[in-house]
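This is run13.txt (compact mmCIF, C-alpha atoms).
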# COMPACT_ATOMS: atom_id res chain seq x y z
CA TRP A 12 19.66 -27.53 -32.88
CA ALA A 13 21.21 -29.75 -30.22
CA ILE A 14 18.79 -30.97 -27.57
CA MET A 15 20.44 -30.93 -24.15
CA ALA A 16 19.71 -33.79 -21.77
CA GLU A 17 18.02 -32.78 -18.51
CA ASP A 18 21.00 -34.06 -16.52
CA THR A 19 23.50 -31.93 -18.46
CA PRO A 20 25.35 -29.59 -16.04
CA VAL A 21 24.94 -25.90 -16.86
CA VAL A 22 26.99 -24.15 -14.19
CA THR A 23 28.43 -24.73 -10.73
CA TYR A 24 28.20 -21.81 -8.33
CA ASN A 25 29.80 -22.27 -4.92
CA ASN A 26 28.22 -25.51 -3.63
CA THR A 27 25.39 -25.76 -6.15
CA THR A 28 25.47 -27.37 -9.59
CA LEU A 29 22.55 -26.45 -11.85
CA TYR A 30 21.39 -28.71 -14.67
CA GLU A 31 19.26 -28.26 -17.78
CA TYR A 32 16.34 -29.68 -15.79
CA ASP A 33 16.68 -26.87 -13.24
CA LEU A 34 16.64 -24.22 -15.97
CA GLY A 35 13.38 -25.71 -17.21
CA LEU A 36 11.79 -24.96 -13.84
CA LEU A 37 12.21 -21.25 -14.52
CA ARG A 38 9.44 -21.38 -17.13
CA PRO A 39 6.22 -19.64 -16.04
CA GLY A 40 3.83 -21.81 -14.07
CA VAL A 41 6.45 -24.32 -12.85
CA TRP A 42 7.26 -24.97 -9.19
CA LEU A 43 10.85 -24.21 -8.11
CA ASN A 44 12.98 -26.94 -6.56
CA ASP A 45 15.58 -26.82 -3.77
CA ASN A 46 18.42 -26.51 -6.29
CA ILE A 47 17.23 -23.24 -7.84
CA ILE A 48 16.43 -21.76 -4.43
CA ASN A 49 19.77 -22.91 -3.03
CA PHE A 50 21.62 -21.34 -5.98
CA TYR A 51 19.94 -17.96 -5.54
CA TRP A 52 20.39 -18.15 -1.75
CA GLU A 53 24.14 -18.58 -2.24
CA TRP A 54 24.20 -15.71 -4.74
CA LEU A 55 22.33 -13.42 -2.30
CA GLU A 56 24.61 -14.50 0.54
CA GLU A 57 27.69 -13.48 -1.42
CA ALA A 58 26.10 -10.22 -2.59
CA SER A 59 25.01 -9.29 0.95
CA GLU A 60 28.55 -9.41 2.31
CA GLN A 61 28.82 -5.71 1.34
CA ASN A 62 25.76 -4.76 3.42
CA SER A 63 26.00 -2.94 6.74
CA VAL A 64 23.38 -5.32 8.13
CA SER A 65 24.94 -8.70 8.85
CA MET A 66 22.78 -11.34 7.14
CA GLY A 67 22.81 -15.10 7.65
CA TRP A 68 21.57 -17.30 4.81
CA PHE A 69 20.35 -20.70 5.96
CA GLY A 70 19.66 -22.72 2.81
CA PRO A 71 16.74 -25.02 1.95
CA SER A 72 18.71 -28.24 2.34
CA GLN A 73 19.95 -27.06 5.75
CA ALA A 74 16.41 -26.13 6.77
CA MET A 75 15.25 -29.63 5.83
CA MET A 76 17.98 -31.13 8.03
CA LEU A 77 16.59 -29.36 11.10
CA SER A 78 13.67 -31.77 11.37
CA PHE A 79 15.85 -34.86 11.40
CA MET A 80 18.66 -33.90 13.76
CA ASP A 81 18.98 -34.02 17.52
CA PRO A 82 18.61 -30.43 18.83
CA SER A 83 21.79 -30.88 20.88
CA ASP A 84 23.77 -31.42 17.65
CA LEU A 85 22.45 -28.43 15.72
CA LYS A 86 24.68 -25.70 17.14
CA GLU A 87 27.87 -27.65 16.47
CA THR A 88 26.75 -28.84 13.02
CA PHE A 89 26.07 -25.31 11.79
CA SER A 90 28.70 -23.49 13.85
CA SER A 91 30.65 -22.48 10.73
CA LEU A 92 27.73 -20.24 9.70
CA SER A 93 28.13 -18.09 12.87
CA LEU A 94 24.37 -17.50 12.87
CA GLU A 95 24.35 -16.15 16.43
CA GLU A 96 26.46 -13.21 15.22
CA LYS A 97 24.09 -12.16 12.42
CA ASP A 98 21.64 -9.27 12.68
CA ILE A 99 19.06 -11.28 10.75
CA VAL A 100 18.91 -14.86 9.47
CA LEU A 101 16.82 -15.81 6.43
CA ILE A 102 15.45 -19.36 6.18
CA PRO A 103 13.41 -20.70 3.23
CA ILE A 104 11.02 -23.34 4.57
CA ASN A 105 8.98 -26.04 2.90
CA ASN A 106 6.13 -28.16 4.22
CA HIS A 107 7.85 -31.36 3.04
CA ASP A 108 8.63 -33.77 5.88
CA ASP A 109 10.27 -36.82 4.25
CA PRO A 110 14.03 -36.47 3.55
CA ASP A 111 14.08 -39.62 1.42
CA LYS A 112 11.53 -38.42 -1.13
CA ALA A 113 10.98 -35.34 -3.25
CA GLY A 114 7.84 -33.47 -2.36
CA GLY A 115 6.22 -30.62 -0.50
CA SER A 116 3.63 -28.20 -1.76
CA HIS A 117 4.56 -24.77 -0.42
CA TRP A 118 7.56 -22.51 0.26
CA SER A 119 7.63 -19.54 2.64
CA LEU A 120 10.26 -17.36 4.32
CA LEU A 121 11.19 -17.38 8.01
CA VAL A 122 13.38 -14.53 9.30
CA TRP A 123 15.14 -14.26 12.66
CA SER A 124 15.85 -10.81 14.13
CA LYS A 125 18.65 -10.70 16.67
CA ALA A 126 17.67 -7.25 17.93
CA ALA A 127 14.02 -8.17 18.45
CA LYS A 128 14.85 -11.71 19.61
CA LYS A 129 11.96 -13.07 17.57
CA PHE A 130 11.02 -14.68 14.27
CA TYR A 131 8.96 -13.23 11.44
CA HIS A 132 7.12 -15.27 8.81
CA LEU A 133 6.44 -14.09 5.25
CA ASP A 134 3.98 -16.30 3.39
CA SER A 135 2.60 -15.70 -0.10
CA LEU A 136 -0.61 -17.57 0.72
CA PRO A 137 -3.19 -15.22 2.25
CA ASN A 138 -4.12 -17.78 4.93
CA GLY A 139 -0.51 -18.20 6.06
CA GLY A 140 -0.41 -21.81 4.91
CA ASN A 141 3.06 -22.56 6.31
CA PHE A 142 2.71 -20.95 9.74
CA ARG A 143 2.65 -24.29 11.58
CA VAL A 144 5.81 -25.37 9.75
CA ALA A 145 7.40 -21.99 10.48
CA LYS A 146 6.81 -22.45 14.22
CA GLU A 147 8.34 -25.93 14.09
CA LYS A 148 11.42 -24.69 12.22
CA ALA A 149 11.78 -21.77 14.62
CA GLN A 150 11.80 -24.14 17.60
CA GLN A 151 14.53 -26.18 15.90
CA ILE A 152 16.86 -23.49 14.57
CA ILE A 153 16.72 -21.37 17.74
CA HIS A 154 19.46 -23.64 19.11
CA CYS A 155 21.81 -22.19 16.47
CA LEU A 156 20.87 -18.57 17.10
CA VAL A 157 21.22 -17.96 20.84
CA ASP A 158 23.49 -19.16 23.62
CA GLU A 159 20.63 -20.18 25.89
CA THR A 160 17.40 -21.54 24.44
CA PRO A 161 14.44 -19.43 25.65
CA ARG A 162 11.43 -21.01 27.34
CA SER A 163 9.15 -19.63 24.65
CA ILE A 164 9.71 -18.53 21.08
CA SER A 165 8.05 -15.48 19.56
CA ILE A 166 6.98 -15.56 15.91
CA SER A 167 4.81 -13.07 14.03
CA ALA A 168 3.24 -13.18 10.58
CA VAL A 169 4.23 -10.25 8.38
CA ASP A 170 1.84 -8.82 5.79
CA SER A 171 3.40 -9.69 2.46
CA ALA A 172 2.65 -9.95 -1.24
CA CYS A 173 0.40 -12.87 -2.18
CA GLN A 174 0.66 -15.21 -5.15
CA ASP A 175 -2.27 -15.54 -7.57
CA ASN A 176 -1.41 -19.04 -8.77
CA SER A 177 -0.25 -22.38 -7.35
CA SER A 178 3.33 -22.30 -8.61
CA ASP A 179 5.02 -19.06 -7.53
CA CYS A 180 5.55 -19.61 -3.79
CA GLY A 181 9.28 -20.23 -4.29
CA ILE A 182 9.55 -17.12 -6.45
CA PHE A 183 7.93 -15.04 -3.69
CA VAL A 184 10.41 -16.43 -1.14
CA LEU A 185 13.29 -15.32 -3.37
CA ALA A 186 11.68 -11.95 -4.10
CA ASN A 187 11.13 -11.22 -0.39
CA ALA A 188 14.72 -12.24 0.37
CA GLN A 189 16.01 -10.06 -2.46
CA TYR A 190 14.02 -7.09 -1.17
CA ILE A 191 15.43 -7.55 2.35
CA TYR A 192 18.96 -7.81 0.96
CA SER A 193 18.73 -4.92 -1.52
CA HIS A 194 17.12 -2.56 1.01
CA ASN A 195 19.53 -3.58 3.79
CA ILE A 196 16.59 -4.35 6.09
CA LYS A 197 17.35 -4.89 9.77
CA ASP A 198 13.97 -4.02 11.27
CA ILE A 199 11.65 -6.67 9.82
CA THR A 200 8.56 -4.89 11.17
CA SER A 201 9.20 -2.18 8.56
CA LEU A 202 8.14 -4.71 5.91
CA SER A 203 4.49 -4.35 6.96
CA GLN A 204 4.10 -1.46 4.60
CA GLN A 205 2.46 -1.15 1.20
CA ASP A 206 5.68 -0.19 -0.59
CA HIS A 207 7.22 -3.54 0.37
CA VAL A 208 4.22 -5.47 -0.96
CA SER A 209 4.14 -3.60 -4.27
CA ALA A 210 7.93 -3.79 -4.66
CA VAL A 211 7.95 -7.57 -4.17
CA LYS A 212 5.17 -7.97 -6.74
CA THR A 213 7.31 -6.00 -9.19
CA ILE A 214 10.34 -8.21 -8.51
CA VAL A 215 8.22 -11.33 -8.98
CA ARG A 216 7.09 -10.29 -12.48
CA THR A 217 10.56 -10.70 -13.99
CA MET A 218 12.28 -12.91 -11.44
CA ARG A 219 12.19 -16.16 -13.41
CA LYS A 220 13.74 -14.41 -16.43
CA ASP A 221 16.23 -12.55 -14.24
CA ILE A 222 17.45 -15.72 -12.51
CA LYS A 223 17.84 -17.53 -15.82
CA GLN A 224 19.83 -14.61 -17.24
CA LEU A 225 22.05 -14.65 -14.15
CA ILE A 226 22.70 -18.38 -14.57
CA LEU A 227 23.57 -18.01 -18.25
CA LYS A 228 25.84 -15.05 -17.45
CA LEU A 229 27.71 -17.13 -14.87
CA LYS A 230 27.94 -19.97 -17.36
CA ASP A 231 29.68 -17.70 -19.89
CA GLN A 232 32.22 -16.36 -17.41
Have the structure of the file written as structure tokens, please.
Amino acid sequence: WAIMAEDTPVVTYNNTTLYEYDLGLLRPGVWLNDNIINFYWEWLEEASEQNSVSMGWFGPSQAMMLSFMDPSDLKETFSSLSLEEKDIVLIPINNHDDPDKAGGSHWSLLVWSKAAKKFYHLDSLPNGGNFRVAKEKAQQIIHCLVDETPRSISISAVDSACQDNSSDCGIFVLANAQYIYSHNIKDITSLSQQDHVSAVKTIVRTMRKDIKQLILKLKDQ
């Protein structure tokens, strides 16, 4: 059997190249990195183009950039995404705050609703571990979402499925995003229901295997 080096490219999908190292992160009990999340974000973005709800997909690397850019530059920098035209915008956020080093300890999902003019936060930690980060990101990305920045920003925590280990936060972000995409969700408040929680838990159970199978399928195409 040939042993593949960790830096061996596996597949390039849109703007993301995945390597053998990334595939290894899909083993149970391993924390996902930006690359895996970015890949699945791009896949969901493409898949959601058929939805009646217009969805914006703001990737993890873009979300990281928010903290290190002048607010006056944000709208122009991300203008090609046309976020202000989307019904909802999904943003995976991480509590890492140093762009020059790998790190961070938790992923969660921030969602903007154009109709409600507010943000919603889905966190797989029962104590809402990333809520402070979510508020900071909301204050930054709002410049890309509306023509005139409001005096105050509204953000609510949404009851969501919780992880029972220290490694699946990224998986829960992807599972919540997949649920929103696959159910064509526009009203985020409808997620505060038991069927959403149980459905996300079901998605989580096989998500690592499902993502790996998707990557290998794309590789063979």
Exercise. Kindly give the distance, in Å, that separates CA of Leu34 in chain A and CA of Met75 in chain A, rounded to a single decimal.
Key: 22.5 Å
Quiz item: When distances are computed from all atoms listed in the file, which of A:Thr213, A:Thr27, A:Ser78, A:Ser177 shows the smallest separation from Glu53 in chain A?
Solution: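 So, comparing all the options, the nearest one is A:Thr27.
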Quiz item: Counting all atoms listed in the file, which of A:Ile99, A:Val64, A:Ala172, A:Leu136 gets nearest to Gln204 in chain A?
Solution: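 Answer, going by the shortest atom-to-atom distance: A:Ala172.
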Give me, as a tab-separated table, each residue of range 27-126 of chain A that comes within 12 Å of range 178-197 of chain A, together with its shortest interatomic pair and the distance in Å at one decimal, counting all atoms listed in the file, with rows ordered by chain and rising residue number.
residue	atom	partner	partner_atom	distance
A:Leu36	CA	A:Ser178	CA	10.3
A:Leu37	CA	A:Ile182	CA	9.4
A:Arg38	CA	A:Ser178	CA	10.5
A:Pro39	CA	A:Ser178	CA	8.4
A:Gly40	CA	A:Ser178	CA	5.5
A:Val41	CA	A:Ser178	CA	5.6
A:Trp42	CA	A:Ser178	CA	4.8
A:Leu43	CA	A:Gly181	CA	5.7
A:Asn44	CA	A:Gly181	CA	8.0
A:Asp45	CA	A:Gly181	CA	9.1
A:Asn46	CA	A:Gly181	CA	11.3
A:Ile47	CA	A:Gly181	CA	9.2
A:Ile48	CA	A:Leu185	CA	7.2
A:Asn49	CA	A:Leu185	CA	10.0
A:Phe50	CA	A:Leu185	CA	10.6
A:Tyr51	CA	A:Leu185	CA	7.5
A:Trp52	CA	A:Leu185	CA	7.8
A:Glu53	CA	A:Leu185	CA	11.4
A:Trp54	CA	A:Gln189	CA	10.2
A:Leu55	CA	A:Gln189	CA	7.2
A:Glu56	CA	A:Tyr192	CA	8.8
A:Glu57	CA	A:Tyr192	CA	10.7
A:Ala58	CA	A:Tyr192	CA	8.3
A:Ser59	CA	A:Tyr192	CA	6.2
A:Glu60	CA	A:Tyr192	CA	9.8
A:Gln61	CA	A:Asn195	CA	9.8
A:Asn62	CA	A:Asn195	CA	6.4
A:Ser63	CA	A:Asn195	CA	7.1
A:Val64	CA	A:Asn195	CA	6.1
A:Ser65	CA	A:Lys197	CA	8.5
A:Met66	CA	A:Tyr192	CA	8.1
A:Gly67	CA	A:Tyr192	CA	10.6
A:Trp68	CA	A:Ala188	CA	9.6
A:Phe69	CA	A:Ala188	CA	11.6
A:Gly70	CA	A:Leu185	CA	11.6
A:Pro71	CA	A:Gly181	CA	10.8
A:Lys97	CA	A:Lys197	CA	10.3
A:Asp98	CA	A:Lys197	CA	6.8
A:Ile99	CA	A:Lys197	CA	6.7
A:Val100	CA	A:Lys197	CA	10.1
A:Leu101	CA	A:Ala188	CA	7.3
A:Ile102	CA	A:Ala188	CA	9.2
A:Pro103	CA	A:Val184	CA	6.8
A:Ile104	CA	A:Val184	CA	9.0
A:Asn105	CA	A:Gly181	CA	9.2
A:Asn106	CA	A:Cys180	CA	11.7
A:Gly115	CA	A:Gly181	CA	11.5
A:Ser116	CA	A:Cys180	CA	9.0
A:His117	CA	A:Cys180	CA	6.2
A:Trp118	CA	A:Cys180	CA	5.4
A:Ser119	CA	A:Val184	CA	5.6
A:Leu120	CA	A:Val184	CA	5.5
A:Leu121	CA	A:Val184	CA	9.2
A:Val122	CA	A:Ala188	CA	9.3
A:Trp123	CA	A:Lys197	CA	10.1
A:Ser124	CA	A:Lys197	CA	7.5
A:Lys125	CA	A:Lys197	CA	9.1
A:Ala126	CA	A:Lys197	CA	8.5
Might you pull out every residue within 12 Å of Asn138 in chain A, with only C-alpha atoms counted and same-chain residues fewer than 3 positions away left off, and present them as a short mmCIF file (atom, residue, chain, number, x, y, z; two decimals) with C-alpha atoms, in the frame of the given file?
data_model
loop_
_atom_site.label_atom_id
_atom_site.label_comp_id
_atom_site.auth_asym_id
_atom_site.auth_seq_id
_atom_site.Cartn_x
_atom_site.Cartn_y
_atom_site.Cartn_z
CA LEU A 133 6.44 -14.09 5.25
CA ASP A 134 3.98 -16.30 3.39
CA SER A 135 2.60 -15.70 -0.10
CA ASN A 141 3.06 -22.56 6.31
CA PHE A 142 2.71 -20.95 9.74
CA ARG A 143 2.65 -24.29 11.58
CA ALA A 168 3.24 -13.18 10.58
CA VAL A 169 4.23 -10.25 8.38
CA ASP A 170 1.84 -8.82 5.79
CA SER A 171 3.40 -9.69 2.46
CA CYS A 173 0.40 -12.87 -2.18
CA GLN A 174 0.66 -15.21 -5.15
#
Just want the 10 Å neighbourhood of Pro82 in chain A, counted on all atoms listed in the file, with same-chain residues fewer than 4 positions away dropped. Output as a short mmCIF file (atom, residue, chain, number, x, y, z; two decimals) with C-alpha atoms, in the frame of the given file.
data_model
loop_
_atom_site.label_atom_id
_atom_site.label_comp_id
_atom_site.auth_asym_id
_atom_site.auth_seq_id
_atom_site.Cartn_x
_atom_site.Cartn_y
_atom_site.Cartn_z
CA LEU A 77 16.59 -29.36 11.10
CA SER A 78 13.67 -31.77 11.37
CA LYS A 86 24.68 -25.70 17.14
CA GLU A 87 27.87 -27.65 16.47
CA GLN A 150 11.80 -24.14 17.60
CA GLN A 151 14.53 -26.18 15.90
CA ILE A 152 16.86 -23.49 14.57
CA ILE A 153 16.72 -21.37 17.74
CA HIS A 154 19.46 -23.64 19.11
CA CYS A 155 21.81 -22.19 16.47
#
Quiz prompt | d(CA of Lys129 in chain A, CA of Ile166 in chain A) in Å | solution =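 Separation of CA of Lys129 in chain A and CA of Ile166 in chain A: 5.8 Å.
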Please give the centre and size of the box around range 176-192 of chain A (axis-aligned, containing every atom listed in the file, 5 Å added per side), with values in Å to one decimal and written as JSON.
{"center_x": 8.8, "center_y": -14.7, "center_z": -3.2, "size_x": 30.4, "size_y": 25.3, "size_z": 21.1}
Practice problem: Could you jot down the CA of Leu92 in chain A to CA of Leu156 in chain A separation for me, Å, one decimal place? | Solution: 10.2 Å
Self-check item: Within 9 Å of file point (25.2, -18.5, -13.4), counting only C-alpha atoms, expressed as an MDAnalysis selection string
Solution: chainID A and resid 21:24 29 50 222:232
